[in-house]
file run31.cif (mmCIF, C-alpha atoms)
data_coords
#
loop_
_atom_site.label_atom_id
_atom_site.label_comp_id
_atom_site.auth_asym_id
_atom_site.auth_seq_id
_atom_site.Cartn_x
_atom_site.Cartn_y
_atom_site.Cartn_z
CA VAL A 1 -12.64 -34.91 -16.68
CA ASN A 2 -14.94 -31.91 -16.38
CA GLU A 3 -16.82 -33.34 -13.40
CA SER A 4 -15.15 -36.37 -11.80
CA MET A 5 -13.12 -36.17 -8.61
CA TYR A 6 -10.59 -38.72 -7.33
CA LYS A 7 -13.31 -40.75 -5.61
CA PHE A 8 -16.84 -41.58 -6.70
CA THR A 9 -19.29 -38.74 -6.04
CA VAL A 10 -22.97 -37.97 -6.53
CA ASN A 11 -23.88 -34.95 -8.68
CA LYS A 12 -26.81 -32.54 -8.24
CA ALA A 13 -29.03 -34.75 -10.39
CA GLY A 14 -28.44 -37.66 -8.03
CA ALA A 15 -26.31 -39.60 -10.53
CA ILE A 16 -23.12 -41.39 -9.48
CA VAL A 17 -20.04 -39.79 -11.04
CA TYR A 18 -17.21 -42.26 -11.68
CA GLY A 19 -14.04 -41.50 -9.74
CA LEU A 20 -10.90 -40.80 -11.77
CA GLY A 21 -8.93 -42.75 -9.17
CA ALA A 22 -10.66 -45.94 -10.33
CA ILE A 23 -9.15 -45.69 -13.82
CA LYS A 24 -6.21 -48.08 -14.19
CA GLY A 25 -3.07 -46.24 -15.25
CA VAL A 26 -4.09 -42.81 -13.93
CA GLY A 27 -2.32 -41.92 -10.67
CA GLU A 28 -2.88 -39.28 -8.00
CA GLY A 29 -0.51 -36.77 -9.60
CA PRO A 30 -2.39 -36.45 -12.92
CA ILE A 31 -5.76 -36.44 -11.12
CA GLU A 32 -4.67 -33.61 -8.81
CA ALA A 33 -3.45 -31.64 -11.84
CA ILE A 34 -6.79 -32.22 -13.60
CA THR A 35 -8.94 -31.05 -10.67
CA ASN A 36 -6.70 -28.02 -10.05
CA ALA A 37 -6.70 -26.93 -13.70
CA ARG A 38 -10.46 -27.37 -13.87
CA GLU A 39 -10.90 -24.53 -11.36
CA ASP A 40 -10.17 -22.14 -14.24
CA GLY A 41 -13.11 -23.52 -16.22
CA PRO A 42 -14.07 -26.71 -18.03
CA PHE A 43 -11.73 -28.23 -20.59
CA LYS A 44 -12.79 -27.48 -24.17
CA HIS A 45 -10.88 -30.11 -26.16
CA ILE A 46 -7.85 -32.37 -25.91
CA PHE A 47 -5.40 -29.62 -26.87
CA ASP A 48 -6.76 -27.32 -24.17
CA PHE A 49 -6.63 -30.22 -21.71
CA CYS A 50 -2.98 -31.12 -22.38
CA GLN A 51 -1.89 -27.47 -22.36
CA ARG A 52 -3.48 -26.76 -18.98
CA ILE A 53 -2.39 -29.99 -17.30
CA GLY A 54 1.21 -29.76 -18.49
CA LYS A 55 3.75 -32.50 -17.85
CA LYS A 56 1.58 -34.29 -15.29
CA VAL A 57 0.06 -36.33 -18.12
CA ASN A 58 1.96 -38.47 -20.60
CA LYS A 59 0.90 -40.72 -23.45
CA ARG A 60 0.18 -43.66 -21.14
CA VAL A 61 -2.17 -41.56 -18.97
CA MET A 62 -3.89 -40.09 -22.03
CA ASP A 63 -4.38 -43.59 -23.42
CA ALA A 64 -6.13 -44.69 -20.21
CA LEU A 65 -8.29 -41.55 -20.01
CA ILE A 66 -9.46 -41.90 -23.61
CA ARG A 67 -10.11 -45.66 -23.55
CA SER A 68 -12.06 -45.34 -20.29
CA GLY A 69 -14.30 -42.65 -21.79
CA ALA A 70 -13.14 -39.93 -19.39
CA LEU A 71 -12.50 -37.50 -22.28
CA ASP A 72 -15.72 -38.22 -24.21
CA GLN A 73 -17.11 -34.73 -23.49
CA ILE A 74 -14.17 -32.92 -25.07
CA GLY A 75 -13.86 -34.72 -28.39
CA PRO A 76 -16.00 -35.96 -31.27
CA ASN A 77 -15.24 -39.63 -30.52
CA ARG A 78 -12.57 -41.80 -28.90
CA SER A 79 -10.90 -42.67 -32.18
CA THR A 80 -10.28 -38.99 -32.98
CA LEU A 81 -9.12 -38.27 -29.44
CA TYR A 82 -6.68 -41.18 -29.63
CA ALA A 83 -5.33 -40.01 -33.01
CA SER A 84 -4.78 -36.55 -31.48
CA ILE A 85 -2.64 -37.61 -28.50
CA ASP A 86 0.80 -37.05 -30.03
CA GLU A 87 -0.09 -33.68 -31.55
CA ALA A 88 -1.79 -32.49 -28.35
CA LEU A 89 1.20 -33.40 -26.18
CA LYS A 90 3.61 -31.85 -28.69
CA ARG A 91 1.68 -28.56 -28.81
CA ALA A 92 1.42 -28.42 -25.02
CA ASP A 93 5.18 -28.97 -24.69
CA ARG A 94 5.93 -26.29 -27.28
CA ILE A 95 3.71 -23.73 -25.56
CA ALA A 96 5.28 -24.53 -22.17
CA LYS A 97 8.79 -24.07 -23.60
CA ASP A 98 7.78 -20.74 -25.19
CA ALA A 99 6.47 -19.55 -21.83
CA ASP A 100 9.66 -20.65 -20.04
CA ALA A 101 11.72 -18.80 -22.66
CA GLY A 102 9.81 -15.59 -21.93
CA MET A 103 7.86 -15.44 -25.19
CA MET A 104 5.10 -13.27 -23.73
CA ASP A 105 2.62 -10.98 -25.40
CA LEU A 106 2.25 -7.29 -24.55
CA PHE A 107 0.01 -8.10 -21.59
CA GLY A 108 2.45 -10.51 -19.97
CA VAL A 109 0.61 -13.67 -20.97
CA ALA A 110 2.29 -16.63 -22.63
CA VAL A 111 1.55 -16.74 -26.35
CA GLU A 112 -0.85 -19.60 -27.12
CA GLU A 113 -1.49 -21.26 -30.43
CA SER A 114 -5.03 -21.03 -31.73
CA THR A 115 -7.05 -24.15 -31.03
CA GLU A 116 -10.22 -23.09 -32.80
CA GLY A 117 -11.35 -25.96 -35.00
CA ALA A 118 -9.06 -28.04 -32.81
CA TYR A 119 -9.58 -31.32 -34.64
CA ASP A 120 -9.43 -29.94 -38.19
CA GLU A 121 -5.76 -30.80 -38.67
CA ILE A 122 -6.17 -34.37 -37.39
CA GLY A 123 -9.52 -34.84 -39.11
CA ILE A 124 -12.55 -36.54 -37.61
CA GLN A 125 -11.82 -40.27 -37.51
CA HIS A 126 -14.32 -43.09 -37.85
CA GLU A 127 -15.28 -44.19 -34.37
CA TRP A 128 -13.83 -47.45 -33.13
CA PRO A 129 -15.99 -50.56 -33.53
CA SER A 130 -18.15 -50.99 -30.43
CA ARG A 131 -16.20 -54.05 -29.24
CA GLN A 132 -12.93 -52.10 -29.32
CA ARG A 133 -14.61 -49.31 -27.36
CA LEU A 134 -16.03 -51.74 -24.78
CA ASP A 135 -12.71 -53.60 -24.43
CA GLY A 136 -11.06 -50.27 -23.61
CA GLU A 137 -13.58 -49.70 -20.82
CA LYS A 138 -13.07 -53.20 -19.43
CA ASP A 139 -9.26 -52.83 -19.51
CA THR A 140 -9.24 -49.46 -17.74
CA LEU A 141 -12.33 -49.62 -15.51
CA GLY A 142 -12.76 -53.32 -14.93
CA LEU A 143 -16.28 -53.34 -16.37
CA TYR A 144 -18.29 -52.45 -19.45
CA VAL A 145 -19.97 -49.05 -19.09
CA THR A 146 -21.57 -47.95 -22.36
CA GLY A 147 -22.88 -51.32 -23.49
CA HIS A 148 -22.42 -55.08 -23.47
CA PRO A 149 -20.35 -57.10 -25.99
CA ILE A 150 -23.42 -59.10 -26.94
CA ASP A 151 -25.33 -55.97 -28.02
CA ASP A 152 -23.90 -56.01 -31.56
CA TYR A 153 -25.03 -59.61 -32.04
CA GLU A 154 -28.41 -59.47 -30.29
CA LYS A 155 -30.57 -59.66 -33.40
CA GLU A 156 -28.21 -61.99 -35.22
CA ILE A 157 -27.89 -64.64 -32.52
CA ARG A 158 -31.66 -64.90 -32.22
CA ARG A 159 -31.56 -66.45 -35.70
CA PHE A 160 -29.82 -69.53 -34.34
CA ALA A 161 -30.15 -69.24 -30.53
CA ARG A 162 -33.84 -68.45 -30.44
CA SER A 163 -34.25 -68.56 -26.66
CA ARG A 164 -32.56 -66.29 -24.15
CA ILE A 165 -30.84 -67.99 -21.23
CA VAL A 166 -33.64 -66.95 -18.87
CA ASP A 167 -36.16 -68.80 -21.07
CA LEU A 168 -34.24 -72.07 -21.51
CA GLN A 169 -35.91 -75.23 -20.22
CA PRO A 170 -34.47 -78.75 -19.85
CA LYS A 171 -35.30 -81.17 -22.67
CA ARG A 172 -33.92 -84.56 -21.80
CA GLY A 173 -31.73 -85.96 -24.55
CA ASP A 174 -32.18 -82.92 -26.79
CA SER A 175 -29.39 -80.51 -27.66
CA GLN A 176 -30.26 -76.82 -27.46
CA ILE A 177 -28.51 -73.70 -28.72
CA MET A 178 -27.64 -70.70 -26.55
CA ALA A 179 -25.35 -67.70 -26.89
CA GLY A 180 -23.68 -65.25 -24.56
CA LEU A 181 -20.50 -63.77 -23.17
CA ILE A 182 -18.08 -65.90 -21.17
CA VAL A 183 -17.80 -63.84 -17.97
CA GLU A 184 -16.07 -66.44 -15.81
CA MET A 185 -14.21 -69.67 -16.42
CA ARG A 186 -12.03 -72.12 -14.55
CA ILE A 187 -10.13 -75.18 -15.67
CA THR A 188 -9.74 -78.32 -13.57
CA LYS A 189 -8.22 -81.73 -14.21
CA SER A 190 -10.28 -84.87 -14.67
CA LYS A 191 -9.26 -88.15 -13.02
CA LYS A 192 -7.58 -89.13 -16.29
CA GLY A 193 -5.65 -85.86 -16.46
CA GLY A 194 -7.75 -84.10 -19.10
CA ASN A 195 -8.93 -80.51 -18.83
CA ILE A 196 -12.52 -79.76 -17.83
CA ALA A 197 -13.77 -76.18 -18.29
CA PHE A 198 -16.51 -74.66 -16.14
CA VAL A 199 -17.82 -71.60 -17.95
CA THR A 200 -20.34 -68.97 -16.85
CA LEU A 201 -22.33 -67.70 -19.83
CA ASP A 202 -24.15 -64.33 -19.67
CA ASP A 203 -26.58 -62.94 -22.27
CA ARG A 204 -27.89 -60.07 -20.06
CA SER A 205 -31.15 -61.94 -19.41
CA ALA A 206 -29.50 -64.44 -17.02
CA ARG A 207 -26.40 -66.53 -16.44
CA ILE A 208 -25.90 -70.27 -16.73
CA GLU A 209 -22.99 -72.59 -15.95
CA VAL A 210 -21.66 -74.68 -18.81
CA THR A 211 -19.43 -77.72 -18.36
CA VAL A 212 -17.05 -78.63 -21.18
CA PHE A 213 -15.58 -82.11 -20.75
CA PRO A 214 -12.03 -83.01 -21.90
CA ASP A 215 -12.78 -84.23 -25.44
CA SER A 216 -14.90 -81.18 -26.23
CA TYR A 217 -12.48 -78.84 -24.49
CA GLU A 218 -9.55 -80.02 -26.59
CA GLU A 219 -11.59 -79.46 -29.75
CA PHE A 220 -12.89 -75.99 -28.83
CA LYS A 221 -10.27 -74.62 -26.41
CA ASP A 222 -9.21 -71.83 -28.79
CA VAL A 223 -12.73 -70.42 -28.61
CA ILE A 224 -13.33 -70.96 -24.89
CA GLN A 225 -11.81 -67.72 -23.64
CA LYS A 226 -12.95 -65.19 -21.05
CA ASP A 227 -14.79 -62.17 -22.55
CA GLN A 228 -15.51 -64.10 -25.76
CA VAL A 229 -19.02 -64.11 -27.24
CA VAL A 230 -19.83 -67.74 -28.05
CA VAL A 231 -22.62 -69.94 -29.36
CA ILE A 232 -23.00 -73.25 -27.52
CA GLU A 233 -24.87 -76.39 -28.46
CA GLY A 234 -25.50 -78.58 -25.44
CA GLU A 235 -27.90 -80.46 -23.21
CA ILE A 236 -29.63 -78.55 -20.41
CA SER A 237 -30.60 -80.15 -17.11
CA ASN A 238 -31.68 -79.01 -13.67
CA ASP A 239 -28.87 -78.39 -11.21
CA GLU A 240 -30.05 -80.38 -8.19
CA PHE A 241 -27.11 -79.24 -6.05
CA ARG A 242 -27.18 -75.45 -6.48
CA GLY A 243 -30.58 -74.94 -8.04
CA GLY A 244 -31.20 -73.43 -11.43
CA GLN A 245 -29.91 -75.13 -14.55
CA LYS A 246 -26.65 -76.32 -16.04
CA VAL A 247 -25.39 -77.25 -19.49
CA ILE A 248 -23.14 -80.00 -20.84
CA ALA A 249 -21.55 -78.51 -23.96
CA ARG A 250 -21.30 -80.54 -27.16
CA LYS A 251 -20.06 -77.76 -29.45
CA VAL A 252 -18.66 -74.27 -28.79
CA MET A 253 -18.32 -71.70 -31.58
CA ASP A 254 -17.37 -68.06 -31.84
CA ILE A 255 -19.64 -65.82 -33.92
CA PRO A 256 -17.82 -66.24 -37.29
CA GLN A 257 -17.85 -70.03 -36.85
CA ALA A 258 -21.55 -69.95 -35.99
CA ARG A 259 -22.19 -67.91 -39.13
CA ILE A 260 -20.54 -70.58 -41.25
CA ARG A 261 -22.76 -73.20 -39.64
CA TYR A 262 -26.04 -71.30 -39.89
CA VAL A 263 -25.59 -68.70 -42.66
CA GLN A 264 -26.38 -69.43 -46.30
CA ALA A 265 -24.74 -66.37 -47.86
CA LEU A 266 -23.36 -62.90 -47.38
CA ARG A 267 -25.47 -60.56 -49.50
CA ILE A 268 -24.37 -57.18 -50.86
CA ASP A 269 -27.03 -54.93 -52.40
CA TRP A 270 -25.26 -53.01 -55.16
CA GLN A 271 -26.45 -49.39 -55.25
CA SER A 272 -25.14 -48.47 -58.68
CA ASP A 273 -26.39 -49.10 -62.22
CA THR A 274 -22.88 -49.89 -63.41
CA VAL A 275 -19.94 -51.99 -62.25
CA SER A 276 -16.46 -50.86 -63.22
CA SER A 277 -13.23 -52.83 -63.09
CA ARG A 278 -12.25 -50.64 -60.15
CA ASP A 279 -15.45 -51.64 -58.32
CA ILE A 280 -14.60 -55.31 -58.84
CA GLN A 281 -11.04 -54.78 -57.66
CA THR A 282 -12.23 -52.96 -54.53
CA LEU A 283 -14.65 -55.75 -53.63
CA SER A 284 -12.04 -58.45 -54.24
CA GLN A 285 -9.58 -56.61 -51.98
CA PHE A 286 -12.13 -56.66 -49.16
CA LEU A 287 -12.89 -60.36 -49.62
CA GLN A 288 -9.40 -61.73 -50.35
CA PRO A 289 -8.13 -62.05 -46.73
CA TYR A 290 -11.25 -64.02 -45.73
CA ARG A 291 -11.43 -66.55 -48.58
CA GLY A 292 -11.64 -70.24 -47.75
CA ASP A 293 -14.20 -72.44 -46.06
CA GLY A 294 -17.28 -70.41 -45.32
CA CYS A 295 -20.40 -69.02 -46.92
CA ASP A 296 -21.26 -67.86 -50.43
CA VAL A 297 -21.10 -64.21 -51.46
CA VAL A 298 -24.10 -62.91 -53.40
CA VAL A 299 -24.15 -59.49 -55.08
CA SER A 300 -27.66 -58.23 -55.79
CA PHE A 301 -28.20 -55.73 -58.60
CA ALA A 302 -31.34 -53.69 -59.27
CA THR A 303 -32.02 -51.07 -61.96
CA ASP A 304 -35.18 -49.47 -63.31
CA HIS A 305 -35.43 -52.23 -65.90
CA ALA A 306 -34.13 -55.40 -64.25
CA GLN A 307 -32.80 -57.03 -61.15
CA GLY A 308 -30.78 -60.12 -60.40
CA ASP A 309 -28.36 -61.86 -58.09
CA VAL A 310 -24.81 -62.89 -58.93
CA CYS A 311 -23.36 -65.64 -56.73
CA LEU A 312 -19.57 -65.53 -56.73
CA GLY A 313 -17.80 -68.80 -57.47
CA GLN A 314 -16.99 -71.51 -54.92
CA SER A 315 -13.42 -70.24 -54.70
CA TRP A 316 -14.81 -66.98 -53.29
CA LYS A 317 -16.49 -68.50 -50.26
CA ILE A 318 -15.52 -66.39 -47.25
CA MET A 319 -15.28 -66.51 -43.48
CA PRO A 320 -17.87 -63.88 -42.40
CA ASP A 321 -15.59 -62.28 -39.82
CA ASP A 322 -16.61 -59.23 -37.77
CA GLN A 323 -13.90 -57.07 -39.35
CA LEU A 324 -15.04 -58.00 -42.86
CA MET A 325 -18.66 -57.17 -42.00
CA TYR A 326 -17.56 -53.85 -40.51
CA ASP A 327 -15.45 -52.93 -43.55
CA LEU A 328 -18.14 -53.91 -46.07
CA LYS A 329 -20.86 -51.96 -44.24
CA LYS A 330 -18.60 -48.94 -44.08
CA GLN A 331 -17.94 -49.18 -47.83
CA TYR A 332 -21.40 -50.11 -49.14
CA GLY A 333 -23.75 -48.91 -46.40
CA GLN A 334 -25.09 -50.45 -43.20
CA GLN A 335 -28.35 -51.59 -44.79
CA ASN A 336 -26.73 -52.96 -47.94
CA VAL A 337 -24.69 -55.76 -46.37
CA GLN A 338 -26.67 -58.62 -44.83
CA LEU A 339 -26.22 -62.22 -43.78
CA VAL A 340 -28.83 -64.60 -45.20
CA TYR A 341 -29.64 -67.49 -42.86
CA ASN A 342 -30.66 -71.03 -43.71
#
call {"tool": "encode", "arguments": {"input": "run31.cif", "output": "structure tokens"}}
result
Amino acid sequence: VNESMYKFTVNKAGAIVYGLGAIKGVGEGPIEAITNAREDGPFKHIFDFCQRIGKKVNKRVMDALIRSGALDQIGPNRSTLYASIDEALKRADRIAKDADAGMMDLFGVAVEESTEGAYDEIGIQHEWPSRQRLDGEKDTLGLYVTGHPIDDYEKEIRRFARSRIVDLQPKRGDSQIMAGLIVEMRITKSKKGGNIAFVTLDDRSARIEVTVFPDSYEEFKDVIQKDQVVVIEGEISNDEFRGGQKVIARKVMDIPQARIRYVQALRIDWQSDTVSSRDIQTLSQFLQPYRGDGCDVVVSFATDHAQGDVCLGQSWKIMPDDQLMYDLKKQYGQQNVQLVYN
């Protein structure tokens, strides 16, 4: 918002500056108000932004600006900006009403509330998980800007999909494993009336078309969704018609399902010499929603005098879901929560 115009432009450094007009949900009126207000100097934070723009922006517009990344320069992170929307709009409305009511200072200027330490009252929020951030960009801009959904899984998927798409070679009769983002898909009917899915898989190294025949589609249709990161087991062959290669899928899994298939255990390295009943309760609260078929949970203890692993009982097997991994790493430390592969 401190640099973009309505259309795409090129700045002095030769970089392309994204046009505000390309953000879904932000119309010409708010953009005109933004560029006009910016003539008085750059925006400092979200409260300054809302105050200077006035009623040209509402919660829907603010939502789009934040999720697209347009306000990244005036806040600590998107999560904090998003949590500040209501308060920022409320303050801006209050200041505007005070000005309309003639509440002026001795110099004839509308009295403004202090916005030093602007985010102190809201508090700095934990940033959104990267997938939530990227989904916001895709929803508002039509593309991913700051990363790719597969980035978070890059190291992990190489444990079971050892070759990138660009390196895959046909092996007649052999099933191979690949992983990537479903960027395109279409469904057609077979002669018998079943659904056949044609999926384009992208792992940033290359793209490959995957065919999922009716029996497999019915089994895995809940996972075969656009913008889903998937792991596919299938047979690769040369595409004589279009060139390149193609895949006949035998199995399609999302990441948590692939973890169950290939992961031996979820390991937590305990960084304390003691374990209280409260510690046990906290851990059980994290695990409880994910109990069922899945992998073992192992808690590893180490002190100056001894070390050992405690494997939780079979009833505490868990589905190693992304949200669980995120919550555990936030609680116990990024390096202290790991998946152990077969």
call {"tool": "residues_around", "arguments": {"input": "run31.cif", "residues": "range 154-168 of chain A", "least_positions_apart": "2", "cutoff": "8 Å", "atoms": "only C-alpha atoms", "output": "list in words"}}
result
Ile150, Asp151, Asp152, Pro170, Ile177, Met178, Ala179, Asp202, Asp203, Ser205, Ala206, Arg207, Ile208, Val231, Tyr262 and Tyr341 of chain A
call {"tool": "resolve_selection", "arguments": {"input": "run31.cif", "expression": "the PyMOL selection byres ((chain A and resi 134) around 12)", "output": "PDB file with C-alpha atoms, in the coordinates of the input"}}
result
ATOM      1  CA  ILE A  66      -9.460 -41.900 -23.610  1.00  0.00           C
ATOM      2  CA  ARG A  67     -10.110 -45.660 -23.550  1.00  0.00           C
ATOM      3  CA  SER A  68     -12.060 -45.340 -20.290  1.00  0.00           C
ATOM      4  CA  GLY A  69     -14.300 -42.650 -21.790  1.00  0.00           C
ATOM      5  CA  ARG A  78     -12.570 -41.800 -28.900  1.00  0.00           C
ATOM      6  CA  TRP A 128     -13.830 -47.450 -33.130  1.00  0.00           C
ATOM      7  CA  PRO A 129     -15.990 -50.560 -33.530  1.00  0.00           C
ATOM      8  CA  SER A 130     -18.150 -50.990 -30.430  1.00  0.00           C
ATOM      9  CA  ARG A 131     -16.200 -54.050 -29.240  1.00  0.00           C
ATOM     10  CA  GLN A 132     -12.930 -52.100 -29.320  1.00  0.00           C
ATOM     11  CA  ARG A 133     -14.610 -49.310 -27.360  1.00  0.00           C
ATOM     12  CA  ASP A 135     -12.710 -53.600 -24.430  1.00  0.00           C
ATOM     13  CA  GLY A 136     -11.060 -50.270 -23.610  1.00  0.00           C
ATOM     14  CA  GLU A 137     -13.580 -49.700 -20.820  1.00  0.00           C
ATOM     15  CA  LYS A 138     -13.070 -53.200 -19.430  1.00  0.00           C
ATOM     16  CA  ASP A 139      -9.260 -52.830 -19.510  1.00  0.00           C
ATOM     17  CA  THR A 140      -9.240 -49.460 -17.740  1.00  0.00           C
ATOM     18  CA  LEU A 141     -12.330 -49.620 -15.510  1.00  0.00           C
ATOM     19  CA  GLY A 142     -12.760 -53.320 -14.930  1.00  0.00           C
ATOM     20  CA  LEU A 143     -16.280 -53.340 -16.370  1.00  0.00           C
ATOM     21  CA  TYR A 144     -18.290 -52.450 -19.450  1.00  0.00           C
ATOM     22  CA  VAL A 145     -19.970 -49.050 -19.090  1.00  0.00           C
ATOM     23  CA  THR A 146     -21.570 -47.950 -22.360  1.00  0.00           C
ATOM     24  CA  GLY A 147     -22.880 -51.320 -23.490  1.00  0.00           C
ATOM     25  CA  HIS A 148     -22.420 -55.080 -23.470  1.00  0.00           C
ATOM     26  CA  PRO A 149     -20.350 -57.100 -25.990  1.00  0.00           C
ATOM     27  CA  ILE A 150     -23.420 -59.100 -26.940  1.00  0.00           C
ATOM     28  CA  ASP A 151     -25.330 -55.970 -28.020  1.00  0.00           C
ATOM     29  CA  ASP A 152     -23.900 -56.010 -31.560  1.00  0.00           C
ATOM     30  CA  ASP A 227     -14.790 -62.170 -22.550  1.00  0.00           C
TER      31      ASP A 227
END
call {"tool": "resolve_selection", "arguments": {"input": "run31.cif", "expression": "the PyMOL selection byres ((chain A and resi 234) around 8)", "output": "ChimeraX atom specification"}}
result
/A:175-177,232-233,235-236,247-251
call {"tool": "axis_aligned_box", "arguments": {"input": "run31.cif", "around": "range 67-84 of chain A", "padding_each_side": "8 Å", "output": "lines of an AutoDock Vina configuration file"}}
result
center_x = -10.9
center_y = -39.3
center_z = -26.2
size_x = 28.3
size_y = 28.7
size_z = 29.6
call {"tool": "residues_near_point", "arguments": {"input": "run31.cif", "point": "(-11.4, -75.8, -13.6)", "cutoff": "9 Å", "atoms": "only C-alpha atoms", "output": "list in words"}}
result
Met185, Arg186, Ile187, Thr188, Lys189, Asn195, Ile196, Ala197, Phe198 and Val199 of chain A
call {"tool": "resolve_selection", "arguments": {"input": "run31.cif", "expression": "the PyMOL selection byres ((chain A and resi 260) around 9)", "output": "NGL selection string"}}
result
:A and (255-259 or 261-265 or 293-295 or 318-320)
call {"tool": "residues_near_point", "arguments": {"input": "run31.cif", "point": "(-17.7, -52.2, -55.0)", "cutoff": "12 Å", "atoms": "all atoms listed in the file", "output": "number ranges by chain"}}
result
A: 268-287, 299-301, 327-333, 336-337
call {"tool": "closest_residue", "arguments": {"input": "run31.cif", "among": "A:Glu209, A:Asp254, A:Asp86, A:Asp120", "to": "Asn238 in chain A", "atoms": "all atoms listed in the file"}}
result
A:Glu209
call {"tool": "closest_residue", "arguments": {"input": "run31.cif", "among": "A:Gly54, A:Pro214, A:Gly75, A:Gly41", "to": "Lys90 in chain A", "atoms": "all atoms listed in the file"}}
result
A:Gly54
call {"tool": "closest_residue", "arguments": {"input": "run31.cif", "among": "A:Ile23, A:Ile85, A:Ile46, A:Val212", "to": "Phe8 in chain A", "atoms": "all atoms listed in the file"}}
result
A:Ile23
call {"tool": "atom_distance", "arguments": {"input": "run31.cif", "atom1": "CA of Glu218 in chain A", "atom2": "CA of Lys317 in chain A"}}
result
27.2 Å
call {"tool": "atom_distance", "arguments": {"input": "run31.cif", "atom1": "CA of Tyr18 in chain A", "atom2": "CA of Gln73 in chain A"}}
result
14.0 Å
call {"tool": "atom_distance", "arguments": {"input": "run31.cif", "atom1": "CA of Asp98 in chain A", "atom2": "CA of Arg52 in chain A"}}
result
14.2 Å
call {"tool": "decode", "arguments": {"input": "run31.cif", "residues": "range 278-291 of chain A", "atoms": "N, CA and C atoms", "output": "PDB file, in the first residue's frame"}}
result
ATOM      1  N   ARG A 278       0.710 -31.895  35.351  1.00  0.00           N
ATOM      2  CA  ARG A 278       0.247 -30.863  34.416  1.00  0.00           C
ATOM      3  C   ARG A 278       0.879 -31.057  33.039  1.00  0.00           C
ATOM      4  N   ASP A 279       2.161 -31.439  33.013  1.00  0.00           N
ATOM      5  CA  ASP A 279       2.834 -31.717  31.738  1.00  0.00           C
ATOM      6  C   ASP A 279       2.127 -32.843  30.988  1.00  0.00           C
ATOM      7  N   ILE A 280       1.780 -33.898  31.723  1.00  0.00           N
ATOM      8  CA  ILE A 280       1.099 -35.045  31.113  1.00  0.00           C
ATOM      9  C   ILE A 280      -0.272 -34.635  30.583  1.00  0.00           C
ATOM     10  N   GLN A 281      -0.973 -33.818  31.362  1.00  0.00           N
ATOM     11  CA  GLN A 281      -2.296 -33.369  30.944  1.00  0.00           C
ATOM     12  C   GLN A 281      -2.207 -32.506  29.684  1.00  0.00           C
ATOM     13  N   THR A 282      -1.198 -31.635  29.639  1.00  0.00           N
ATOM     14  CA  THR A 282      -1.021 -30.772  28.468  1.00  0.00           C
ATOM     15  C   THR A 282      -0.763 -31.596  27.214  1.00  0.00           C
ATOM     16  N   LEU A 283       0.139 -32.581  27.327  1.00  0.00           N
ATOM     17  CA  LEU A 283       0.449 -33.429  26.178  1.00  0.00           C
ATOM     18  C   LEU A 283      -0.782 -34.220  25.732  1.00  0.00           C
ATOM     19  N   SER A 284      -1.524 -34.756  26.691  1.00  0.00           N
ATOM     20  CA  SER A 284      -2.709 -35.550  26.333  1.00  0.00           C
ATOM     21  C   SER A 284      -3.762 -34.688  25.645  1.00  0.00           C
ATOM     22  N   GLN A 285      -3.858 -33.418  26.046  1.00  0.00           N
ATOM     23  CA  GLN A 285      -4.820 -32.517  25.409  1.00  0.00           C
ATOM     24  C   GLN A 285      -4.453 -32.256  23.951  1.00  0.00           C
ATOM     25  N   PHE A 286      -3.160 -32.171  23.674  1.00  0.00           N
ATOM     26  CA  PHE A 286      -2.714 -32.003  22.289  1.00  0.00           C
ATOM     27  C   PHE A 286      -3.039 -33.239  21.459  1.00  0.00           C
ATOM     28  N   LEU A 287      -2.807 -34.422  22.031  1.00  0.00           N
ATOM     29  CA  LEU A 287      -2.922 -35.666  21.270  1.00  0.00           C
ATOM     30  C   LEU A 287      -4.359 -36.161  21.120  1.00  0.00           C
ATOM     31  N   GLN A 288      -5.198 -35.871  22.101  1.00  0.00           N
ATOM     32  CA  GLN A 288      -6.545 -36.449  22.176  1.00  0.00           C
ATOM     33  C   GLN A 288      -7.349 -36.347  20.871  1.00  0.00           C
ATOM     34  N   PRO A 289      -7.412 -35.177  20.219  1.00  0.00           N
ATOM     35  CA  PRO A 289      -8.252 -35.076  19.012  1.00  0.00           C
ATOM     36  C   PRO A 289      -7.760 -35.914  17.839  1.00  0.00           C
ATOM     37  N   TYR A 290      -6.515 -36.411  17.919  1.00  0.00           N
ATOM     38  CA  TYR A 290      -5.914 -37.102  16.774  1.00  0.00           C
ATOM     39  C   TYR A 290      -5.711 -38.594  17.031  1.00  0.00           C
ATOM     40  N   ARG A 291      -6.269 -39.097  18.130  1.00  0.00           N
ATOM     41  CA  ARG A 291      -6.102 -40.515  18.463  1.00  0.00           C
ATOM     42  C   ARG A 291      -6.882 -41.400  17.500  1.00  0.00           C
TER      43      ARG A 291
END
